[in-house]
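Asks: One file: query.cif (mmCIF, C-alpha atoms).
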data_protein
loop_
_atom_site.label_atom_id
_atom_site.label_comp_id
_atom_site.auth_asym_id
_atom_site.auth_seq_id
_atom_site.Cartn_x
_atom_site.Cartn_y
_atom_site.Cartn_z
CA MET A 155 8.58 27.11 5.05
CA GLU A 156 6.91 29.60 7.40
CA ILE A 157 4.93 28.40 10.43
CA LYS A 158 1.49 29.21 9.01
CA GLU A 159 2.20 27.21 5.83
CA LYS A 160 3.62 24.33 7.84
CA ILE A 161 0.54 24.15 10.08
CA LYS A 162 -1.66 24.22 6.97
CA LYS A 163 0.37 21.36 5.44
CA PHE A 164 0.12 19.30 8.66
CA PHE A 165 -3.64 19.86 8.65
CA ASP A 166 -3.85 18.91 4.97
CA LEU A 167 -1.81 15.76 5.65
CA TYR A 168 -4.10 14.76 8.52
CA ILE A 169 -7.34 15.44 6.62
CA THR A 170 -6.13 13.64 3.48
CA PHE A 171 -5.28 10.47 5.40
CA ALA A 172 -8.38 10.71 7.60
CA LYS A 173 -10.43 10.80 4.39
CA ILE A 174 -8.62 7.72 3.08
CA GLY A 175 -8.80 6.01 6.48
CA THR A 176 -12.57 6.48 6.64
CA PHE A 177 -12.94 3.96 3.81
CA THR A 178 -10.92 1.12 5.32
CA ILE A 179 -13.35 -1.58 4.22
CA GLY A 180 -11.18 -4.31 2.74
CA GLY A 181 -7.93 -3.13 4.31
CA GLY A 182 -4.83 -1.49 2.91
CA LEU A 183 -4.87 -2.91 -0.61
CA ALA A 184 -8.50 -1.91 -1.12
CA MET A 185 -7.45 1.67 -0.33
CA MET A 186 -4.94 1.70 -3.19
CA PRO A 187 -7.29 3.30 -5.77
CA MET A 188 -8.22 6.05 -3.32
CA MET A 189 -4.56 6.60 -2.40
CA GLN A 190 -3.69 6.88 -6.09
CA LYS A 191 -6.39 9.48 -6.62
CA GLU A 192 -5.62 11.53 -3.48
CA LEU A 193 -1.83 11.26 -3.16
CA ILE A 194 -0.80 11.15 -6.83
CA GLU A 195 -3.50 12.84 -8.90
CA LYS A 196 -4.78 15.50 -6.47
CA LYS A 197 -1.89 16.27 -4.12
CA HIS A 198 1.07 15.31 -6.35
CA TRP A 199 2.93 14.11 -3.27
CA MET A 200 4.34 11.07 -5.07
CA THR A 201 4.45 9.07 -8.29
CA GLU A 202 2.78 5.72 -8.96
CA GLU A 203 6.19 4.06 -8.71
CA ASP A 204 6.69 5.64 -5.27
CA LEU A 205 3.33 4.31 -4.12
CA ILE A 206 4.13 0.82 -5.36
CA ASP A 207 7.49 0.98 -3.57
CA TYR A 208 5.83 2.18 -0.36
CA TYR A 209 3.29 -0.65 -0.60
CA ALA A 210 6.07 -3.20 -1.10
CA VAL A 211 8.00 -1.92 1.91
CA GLY A 212 4.76 -1.53 3.90
CA GLN A 213 3.91 -5.16 3.16
CA SER A 214 7.23 -6.39 4.49
CA THR A 215 7.31 -4.27 7.66
CA PRO A 216 5.26 -4.86 10.83
CA GLY A 217 1.82 -3.30 10.95
CA MET A 218 -0.96 -2.59 8.51
CA ILE A 219 0.06 -1.69 4.97
CA ALA A 220 -2.07 1.44 4.72
CA VAL A 221 -0.78 2.80 8.03
CA ASN A 222 2.81 2.11 6.98
CA VAL A 223 2.24 3.90 3.66
CA ALA A 224 0.70 6.87 5.50
CA THR A 225 3.74 7.02 7.78
CA PHE A 226 6.15 6.91 4.82
CA VAL A 227 4.27 9.63 2.93
CA GLY A 228 3.97 11.85 6.01
CA TYR A 229 7.66 11.43 6.78
CA ASN A 230 8.54 12.22 3.18
CA GLN A 231 6.44 15.39 3.29
CA LEU A 232 7.17 16.79 6.76
CA GLY A 233 9.69 14.58 8.55
CA ILE A 234 9.03 12.61 11.72
CA LEU A 235 6.16 14.81 12.87
CA GLY A 236 4.61 14.49 9.39
CA GLY A 237 4.80 10.71 9.70
CA ILE A 238 3.03 10.86 13.06
CA VAL A 239 0.32 13.23 11.79
CA ALA A 240 -0.35 11.13 8.66
CA THR A 241 -0.51 7.96 10.76
CA LEU A 242 -2.97 9.56 13.18
CA GLY A 243 -5.05 10.72 10.23
CA MET A 244 -5.15 7.17 8.85
CA VAL A 245 -6.09 5.43 12.12
CA SER A 246 -8.40 7.93 13.84
CA PRO A 247 -11.49 7.21 11.65
CA SER A 248 -11.07 3.47 12.28
CA ILE A 249 -10.82 3.99 16.03
CA ILE A 250 -14.00 6.08 16.01
CA ILE A 251 -15.93 3.67 13.75
CA ILE A 252 -14.82 0.56 15.70
CA THR A 253 -15.75 2.20 19.00
CA ILE A 254 -19.25 2.97 17.70
CA LEU A 255 -19.74 -0.45 16.09
CA ALA A 256 -18.50 -2.36 19.15
CA GLY A 257 -21.60 -1.33 21.05
CA LEU A 258 -23.95 -2.07 18.15
CA ILE A 259 -22.53 -5.24 16.60
CA ASN A 260 -24.40 -7.70 18.84
CA SER A 261 -27.71 -6.04 18.04
CA ILE A 262 -27.32 -5.49 14.27
CA ASP A 263 -25.66 -8.70 13.08
CA GLU A 264 -28.96 -10.60 13.41
CA TYR A 265 -30.75 -8.49 10.79
CA PRO A 266 -30.91 -9.98 7.27
CA MET A 267 -30.48 -6.54 5.67
CA VAL A 268 -27.18 -6.07 7.50
CA GLN A 269 -25.98 -9.49 6.32
CA LYS A 270 -26.92 -8.63 2.72
CA ALA A 271 -25.19 -5.25 2.96
CA LEU A 272 -22.01 -6.91 4.22
CA ARG A 273 -22.09 -9.40 1.34
CA GLY A 274 -22.46 -6.50 -1.10
CA ILE A 275 -19.52 -4.73 0.51
CA ASN A 276 -17.43 -7.89 0.12
CA VAL A 277 -18.17 -7.93 -3.63
CA ALA A 278 -17.14 -4.27 -3.91
CA VAL A 279 -13.90 -4.98 -2.02
CA ALA A 280 -13.14 -7.89 -4.38
CA ALA A 281 -13.58 -5.51 -7.32
CA LEU A 282 -11.21 -3.01 -5.69
CA PHE A 283 -8.62 -5.75 -5.12
CA THR A 284 -8.88 -6.76 -8.78
CA SER A 285 -8.35 -3.15 -9.84
CA VAL A 286 -5.26 -2.87 -7.63
CA ILE A 287 -3.80 -6.12 -8.96
CA VAL A 288 -4.23 -5.03 -12.59
CA LYS A 289 -2.63 -1.62 -11.88
CA PHE A 290 0.25 -3.22 -9.98
CA ALA A 291 0.81 -5.69 -12.79
CA LYS A 292 0.88 -2.97 -15.46
CA LYS A 293 3.46 -0.97 -13.52
CA THR A 294 5.74 -3.77 -12.33
CA ILE A 295 5.63 -6.68 -14.77
CA LYS A 296 7.78 -5.57 -17.70
CA LYS A 297 9.99 -8.55 -18.58
CA PRO A 298 9.53 -12.31 -19.01
CA LEU A 299 11.50 -12.84 -15.79
CA HIS A 300 8.94 -10.71 -13.94
CA VAL A 301 6.12 -12.91 -15.27
CA LEU A 302 8.01 -16.00 -14.10
CA PHE A 303 8.49 -14.53 -10.59
CA MET A 304 4.81 -13.56 -10.45
CA LEU A 305 3.63 -17.05 -11.45
CA ILE A 306 5.99 -18.76 -9.00
CA SER A 307 4.96 -16.43 -6.18
CA PHE A 308 1.27 -16.89 -6.91
CA SER A 309 1.65 -20.67 -7.05
CA LEU A 310 3.56 -20.80 -3.78
CA VAL A 311 1.01 -18.66 -1.97
CA TYR A 312 -2.18 -20.01 -3.53
CA PHE A 313 -1.46 -23.70 -3.98
CA LEU A 314 1.21 -24.45 -1.40
CA LYS A 315 0.01 -21.92 1.21
CA VAL A 316 3.48 -20.43 1.74
CA GLN A 317 3.29 -17.31 3.91
CA SER A 318 3.76 -14.06 2.01
CA PHE A 319 6.62 -13.08 4.34
CA TRP A 320 8.79 -15.83 2.84
CA ILE A 321 7.85 -14.81 -0.71
CA ILE A 322 8.81 -11.19 0.01
CA LEU A 323 12.08 -12.27 1.63
CA ALA A 324 12.90 -14.51 -1.35
CA ALA A 325 12.05 -11.66 -3.76
CA ILE A 326 14.40 -9.33 -1.89
CA LEU A 327 17.19 -11.90 -2.05
CA CYS A 328 16.56 -12.52 -5.77
CA GLY A 329 16.62 -8.78 -6.43
CA VAL A 330 19.93 -8.39 -4.58
CA VAL A 331 21.49 -11.34 -6.42
CA ILE A 332 20.26 -10.14 -9.84
CA THR A 333 21.52 -6.61 -9.16
CA PHE A 334 24.90 -7.95 -8.01
CA VAL A 335 25.20 -10.13 -11.14
CA ASN A 336 24.28 -7.18 -13.39
CA ILE A 337 26.86 -4.95 -11.69
CA ARG A 338 29.55 -7.60 -12.15
CA LYS A 339 28.61 -8.04 -15.82
CA ALA A 340 28.78 -4.28 -16.39
CA ALA A 341 32.19 -4.12 -14.65
CA LYS A 342 33.55 -6.96 -16.82
CA GLN A 343 32.31 -5.23 -19.98
CA GLU A 344 34.04 -2.01 -18.94
CA GLU A 345 37.28 -3.92 -18.37
CA GLN A 346 37.08 -5.51 -21.80
CA GLU A 347 36.57 -2.15 -23.49
#
Output the file's structure in the form of structure tokens.

Replies:
Amino acid sequence: MEIKEKIKKFFDLYITFAKIGTFTIGGGLAMMPMMQKELIEKKHWMTEEDLIDYYAVGQSTPGMIAVNVATFVGYNQLGILGGIVATLGMVSPSIIIITILAGLINSIDEYPMVQKALRGINVAVAALFTSVIVKFAKKTIKKPLHVLFMLISFSLVYFLKVQSFWIILAAILCGVVITFVNIRKAAKQEEQE
């Protein structure tokens, strides 16, 4: 790739993630619909399965999910420097917005209109979360065992207040064990044939 094209791609990477990062209301999961539209439908930088995988890994690594996903995508597109540029694109709007709001927050939080606007935003974020959950479920829950894992995980988190870290760790271990068992079964079948 020639230098001019590479610079253009770095710029595109930064602008794309800055655009996504501007709408951080609700956090990383609330950004999922926008990431799907920008990264999959418009840019064709990944598939839906890739995005789900990046979210899963981003959830289990330190830091914010959306920033981790930006880093993964940037690295996948343009290596280490791409990861840095995408990460900067994702966080720079938040830094600017937080810096502006920090000076205003004491003066605006007393106004009833601001309180009502924030409640409306919370409803919109809840709708975005619901959309993400339905899309995740359609892409990942394909077998009865998947439904069982989902119900157990939900119950542990919602009713027993188990931290999601432990659920993710248990899911990783279950995946490794199931894969190992399937490999052994396949090897035994080959031996019998």

Asks: If the PyMOL selection byres ((chain A and resi 176) around 8) were run on this exact file, what residues would it hold? Put them as a ChimeraX atom specification.

Replies: /A:172-175,177-178,244,247-248

Asks: Can you tell me, as a PDB file with C-alpha atoms, in the coordinates of the input, what residues are no more than 10 Å from Asn222 (chain A) when counting all atoms listed in the file, ignoring any on the same chain fewer than 6 positions away?

Replies:
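So result-v8.pdb came out as:
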ATOM      1  CA  GLY A 182      -4.830  -1.490   2.910  1.00  0.00           C
ATOM      2  CA  TYR A 208       5.830   2.180  -0.360  1.00  0.00           C
ATOM      3  CA  TYR A 209       3.290  -0.650  -0.600  1.00  0.00           C
ATOM      4  CA  VAL A 211       8.000  -1.920   1.910  1.00  0.00           C
ATOM      5  CA  GLY A 212       4.760  -1.530   3.900  1.00  0.00           C
ATOM      6  CA  GLN A 213       3.910  -5.160   3.160  1.00  0.00           C
ATOM      7  CA  SER A 214       7.230  -6.390   4.490  1.00  0.00           C
ATOM      8  CA  THR A 215       7.310  -4.270   7.660  1.00  0.00           C
ATOM      9  CA  PRO A 216       5.260  -4.860  10.830  1.00  0.00           C
ATOM     10  CA  GLY A 228       3.970  11.850   6.010  1.00  0.00           C
ATOM     11  CA  GLY A 237       4.800  10.710   9.700  1.00  0.00           C
ATOM     12  CA  ALA A 240      -0.350  11.130   8.660  1.00  0.00           C
ATOM     13  CA  THR A 241      -0.510   7.960  10.760  1.00  0.00           C
ATOM     14  CA  MET A 244      -5.150   7.170   8.850  1.00  0.00           C
TER      15      MET A 244
END

Asks: The PyMOL selection byres ((chain A and resi 296-305) around 12) on the file shown: which residues, as number ranges by chain?

Replies: A: 287, 290-295, 306-313, 321-322, 324-326, 328-329, 332

Asks: Translate the PyMOL selection byres ((chain A and resi 285) around 12) into a concrete residue list for this structure, as a PDB file with C-alpha atoms, in the coordinates of the input.

Replies:
ATOM      1  CA  LEU A 183      -4.870  -2.910  -0.610  1.00  0.00           C
ATOM      2  CA  ALA A 184      -8.500  -1.910  -1.120  1.00  0.00           C
ATOM      3  CA  MET A 185      -7.450   1.670  -0.330  1.00  0.00           C
ATOM      4  CA  MET A 186      -4.940   1.700  -3.190  1.00  0.00           C
ATOM      5  CA  PRO A 187      -7.290   3.300  -5.770  1.00  0.00           C
ATOM      6  CA  MET A 188      -8.220   6.050  -3.320  1.00  0.00           C
ATOM      7  CA  GLN A 190      -3.690   6.880  -6.090  1.00  0.00           C
ATOM      8  CA  ALA A 278     -17.140  -4.270  -3.910  1.00  0.00           C
ATOM      9  CA  VAL A 279     -13.900  -4.980  -2.020  1.00  0.00           C
ATOM     10  CA  ALA A 280     -13.140  -7.890  -4.380  1.00  0.00           C
ATOM     11  CA  ALA A 281     -13.580  -5.510  -7.320  1.00  0.00           C
ATOM     12  CA  LEU A 282     -11.210  -3.010  -5.690  1.00  0.00           C
ATOM     13  CA  PHE A 283      -8.620  -5.750  -5.120  1.00  0.00           C
ATOM     14  CA  THR A 284      -8.880  -6.760  -8.780  1.00  0.00           C
ATOM     15  CA  VAL A 286      -5.260  -2.870  -7.630  1.00  0.00           C
ATOM     16  CA  ILE A 287      -3.800  -6.120  -8.960  1.00  0.00           C
ATOM     17  CA  VAL A 288      -4.230  -5.030 -12.590  1.00  0.00           C
ATOM     18  CA  LYS A 289      -2.630  -1.620 -11.880  1.00  0.00           C
ATOM     19  CA  PHE A 290       0.250  -3.220  -9.980  1.00  0.00           C
ATOM     20  CA  ALA A 291       0.810  -5.690 -12.790  1.00  0.00           C
ATOM     21  CA  LYS A 292       0.880  -2.970 -15.460  1.00  0.00           C
TER      22      LYS A 292
END

Asks: So the first atom is CA of Phe171 (chain A) and the second is CA of Ile254 (chain A); what is the distance between them in Å, to one decimal place?

Replies: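 According to the coordinates, CA of Phe171 (chain A) and CA of Ile254 (chain A) are separated by 20.1 Å.
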
Asks: Do you have the CA of Lys163 (chain A)-CA of Val245 (chain A) distance handy?

Replies: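 So the two atoms, CA of Lys163 (chain A) and CA of Val245 (chain A), lie 18.4 Å apart.
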
Asks: Enter the distance from CA of Leu205 (chain A) to CA of Gly233 (chain A), in Å, rounded to one decimal.

Replies: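 These two atoms are separated by 17.5 Å.
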
Asks: Kindly list the centre and edge lengths in Å, rounded to one decimal, for the axis-aligned box that covers all listed atoms of region 283-287 of chain A plus 4 Å on each of its six sides, as JSON.

Replies:
{"center_x": -6.3, "center_y": -4.8, "center_z": -7.5, "size_x": 13.1, "size_y": 11.9, "size_z": 12.7}

Asks: Would you mind telling me which residue in A:Ile206, A:Val268, A:Leu314, A:Ile161 lies nearest to Val239 (chain A) when using only C-alpha atoms?

Replies: A:Ile161
